[in-house]
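Have a look at the structure below before the remarks.
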Amino acid sequence: MSKKTNKKTDKKTMQWVCFGGVVLFVVLLGYLAYILMFPLAEPFERPAMSNMYSARVTGTDRFCDINHGEAIEFFNQIGEVKPTRRQSVNDSPYNDTYCCLEIVDGETTYKYYVYIIDDTAFLEQPYVGVYEIEMKDYKYLEELLP
């Protein structure tokens, strides 16, 4: 009788091991699909400040030109940005309220949109990526606006 019970136990154990293997495989496959469908943002592109011709901050209903030092201060202040899996597929963000930092270096115009969603500040570079930044960086740009 004990050999029969032992075989049943071994069979059940083997079934659970196979079931666990299948579940693990499905979870890993789902994670791989998620990573491939929603990749992290491209590396953040910083403009060459030495070639900067002009800089402007635009809000929802106001704007101001900023000097070279204020633009450099903003990029020094944000330090490292955290790439997200949010897609940047438009010329401007869907958010109604945002600040736009526009930097012209003679040949190229760089646009950066800074906005808040659910108490988290984001910096978006159109068609490149969306990055998480600190709230103080958003407030710095807002303070520059009149």
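FYI, nothing fancy with the structure tokens labels: chains A, B, ... in order, residues from 1 per chain, ligands from 1 as they appear.
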
Please report, as a ChimeraX atom specification, each residue of chain A to which DSSP assigns strand (DSSP E) when run on this structure's backbone.
-> /A:54-58,63-66,82-83,99-104,109-117,120-125,129-133

Could you save the residues just selected, with N, CA and C atoms, as a compact mmCIF listing (two decimals), in the first residue's frame?
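What follows is the written file again_1.txt:
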# COMPACT_ATOMS: atom_id res chain seq x y z
N SER A 54 19.02 81.54 -27.99
CA SER A 54 17.96 82.12 -27.17
C SER A 54 17.24 81.02 -26.40
N ALA A 55 16.53 81.46 -25.36
CA ALA A 55 15.75 80.53 -24.56
C ALA A 55 14.47 81.22 -24.12
N ARG A 56 13.38 80.46 -24.11
CA ARG A 56 12.08 81.02 -23.76
C ARG A 56 11.32 79.98 -22.95
N VAL A 57 10.63 80.48 -21.92
CA VAL A 57 9.73 79.63 -21.14
C VAL A 57 8.31 80.08 -21.44
N THR A 58 7.46 79.13 -21.77
CA THR A 58 6.07 79.43 -22.09
C THR A 58 5.17 78.66 -21.14
N PHE A 63 4.40 83.93 -21.19
CA PHE A 63 5.73 83.51 -21.63
C PHE A 63 6.75 84.54 -21.21
N CYS A 64 8.01 84.12 -21.24
CA CYS A 64 9.10 85.06 -20.99
C CYS A 64 10.38 84.52 -21.60
N ASP A 65 11.22 85.43 -22.04
CA ASP A 65 12.54 85.04 -22.50
C ASP A 65 13.42 84.93 -21.27
N ILE A 66 14.27 83.93 -21.25
CA ILE A 66 15.18 83.77 -20.10
C ILE A 66 16.61 83.88 -20.59
N LYS A 82 14.87 60.46 -14.76
CA LYS A 82 14.52 59.04 -14.70
C LYS A 82 13.63 58.70 -15.90
N PRO A 83 14.12 57.87 -16.83
CA PRO A 83 13.30 57.51 -17.98
C PRO A 83 12.05 56.75 -17.55
N CYS A 99 4.55 73.79 -18.72
CA CYS A 99 5.54 74.82 -19.07
C CYS A 99 6.36 74.25 -20.23
N CYS A 100 6.71 75.11 -21.16
CA CYS A 100 7.53 74.68 -22.29
C CYS A 100 8.83 75.48 -22.25
N LEU A 101 9.94 74.79 -22.27
CA LEU A 101 11.24 75.43 -22.36
C LEU A 101 11.74 75.22 -23.78
N GLU A 102 11.94 76.32 -24.48
CA GLU A 102 12.38 76.26 -25.88
C GLU A 102 13.76 76.88 -25.97
N ILE A 103 14.71 76.10 -26.48
CA ILE A 103 16.09 76.58 -26.59
C ILE A 103 16.50 76.51 -28.06
N VAL A 104 17.02 77.62 -28.57
CA VAL A 104 17.49 77.68 -29.95
C VAL A 104 19.00 77.85 -29.92
N THR A 109 16.18 73.78 -32.79
CA THR A 109 15.31 74.23 -31.71
C THR A 109 14.96 73.02 -30.86
N TYR A 110 15.25 73.09 -29.58
CA TYR A 110 14.93 72.02 -28.63
C TYR A 110 13.71 72.46 -27.83
N LYS A 111 12.73 71.57 -27.73
CA LYS A 111 11.55 71.86 -26.91
C LYS A 111 11.44 70.82 -25.82
N TYR A 112 11.21 71.30 -24.61
CA TYR A 112 11.02 70.45 -23.45
C TYR A 112 9.74 70.88 -22.76
N TYR A 113 8.84 69.96 -22.53
CA TYR A 113 7.59 70.25 -21.83
C TYR A 113 7.68 69.68 -20.43
N VAL A 114 7.30 70.49 -19.46
CA VAL A 114 7.34 70.07 -18.07
C VAL A 114 5.92 70.19 -17.52
N TYR A 115 5.42 69.12 -16.93
CA TYR A 115 4.04 69.11 -16.44
C TYR A 115 3.91 68.15 -15.27
N ILE A 116 2.74 68.19 -14.64
CA ILE A 116 2.47 67.37 -13.46
C ILE A 116 1.29 66.45 -13.75
N ILE A 117 1.44 65.18 -13.39
CA ILE A 117 0.35 64.21 -13.44
C ILE A 117 0.38 63.46 -12.11
N THR A 120 3.27 63.99 -9.67
CA THR A 120 4.59 63.62 -10.17
C THR A 120 4.92 64.55 -11.33
N ALA A 121 6.13 65.12 -11.31
CA ALA A 121 6.55 66.03 -12.37
C ALA A 121 7.26 65.25 -13.47
N PHE A 122 6.94 65.61 -14.71
CA PHE A 122 7.53 64.96 -15.87
C PHE A 122 8.13 65.99 -16.80
N LEU A 123 9.18 65.60 -17.50
CA LEU A 123 9.79 66.39 -18.55
C LEU A 123 9.65 65.56 -19.82
N GLU A 124 9.04 66.15 -20.84
CA GLU A 124 8.82 65.43 -22.09
C GLU A 124 9.57 66.11 -23.22
N GLN A 125 10.30 65.32 -23.97
CA GLN A 125 10.96 65.81 -25.17
C GLN A 125 10.23 65.11 -26.33
N GLY A 129 11.16 61.02 -25.59
CA GLY A 129 10.77 60.30 -24.40
C GLY A 129 10.19 61.19 -23.33
N VAL A 130 9.68 60.54 -22.29
CA VAL A 130 9.13 61.22 -21.12
C VAL A 130 9.96 60.78 -19.93
N TYR A 131 10.35 61.75 -19.11
CA TYR A 131 11.25 61.49 -17.98
C TYR A 131 10.64 62.04 -16.71
N GLU A 132 10.87 61.34 -15.62
CA GLU A 132 10.39 61.82 -14.33
C GLU A 132 11.45 62.73 -13.75
N ILE A 133 11.00 63.90 -13.25
CA ILE A 133 11.91 64.85 -12.61
C ILE A 133 11.35 65.21 -11.24

Pick out each residue of range 17-138 of chain A that DSSP on the backbone tags as alpha helix (DSSP H); I need them as a PyMOL selection string.
-> chain A and resi 17-37+68-78+135-138

d(CA of Gln87 in chain A, CA of Glu42 in chain A) in Å = 10.3 Å

Between A:Gly59, A:Glu107, A:Tyr94, A:His68, smallest distance to Glu142 in chain A by only C-alpha atoms belongs to A:Gly59

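Of the listed residues A:Asn76, A:Tyr127, A:Lys8, A:Glu70, the one whose atoms come nearest to Ser92 in chain A is A:Tyr127, with distances taken using only C-alpha atoms.
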
Judged by only C-alpha atoms, the minimum distance to Gly106 in chain A among A:Tyr31, A:Asp10, A:Tyr53, A:Gly20 is found for A:Tyr53

Contacts of Ile78 in chain A at 9 Å (only C-alpha atoms; same-chain gap of 6+ positions) as number ranges by chain = A: 133-134, 136-137

With N, CA and C atoms kept, could you save the residues just selected as a PDB file, in the first residue's frame?
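Printed below is result-v4.pdb as written:
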ATOM      1  N   ILE A 133      10.999  63.901 -13.248  1.00  0.00           N
ATOM      2  CA  ILE A 133      11.914  64.850 -12.612  1.00  0.00           C
ATOM      3  C   ILE A 133      11.352  65.215 -11.240  1.00  0.00           C
ATOM      4  N   GLU A 134      12.112  65.968 -10.492  1.00  0.00           N
ATOM      5  CA  GLU A 134      11.653  66.374  -9.167  1.00  0.00           C
ATOM      6  C   GLU A 134      10.705  67.568  -9.278  1.00  0.00           C
ATOM      7  N   LYS A 136      10.609  70.250  -7.627  1.00  0.00           N
ATOM      8  CA  LYS A 136      11.296  71.543  -7.532  1.00  0.00           C
ATOM      9  C   LYS A 136      11.735  72.043  -8.910  1.00  0.00           C
ATOM     10  N   ASP A 137      12.002  71.127  -9.834  1.00  0.00           N
ATOM     11  CA  ASP A 137      12.403  71.522 -11.185  1.00  0.00           C
ATOM     12  C   ASP A 137      11.232  72.139 -11.942  1.00  0.00           C
TER      13      ASP A 137
END

What gap, in Å, lies between CA of Ala33 in chain A and CA of Val17 in chain A?
-> 24.3 Å

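Atom to atom, CA of Phe38 in chain A and CA of Arg86 in chain A stand 7.5 Å apart.
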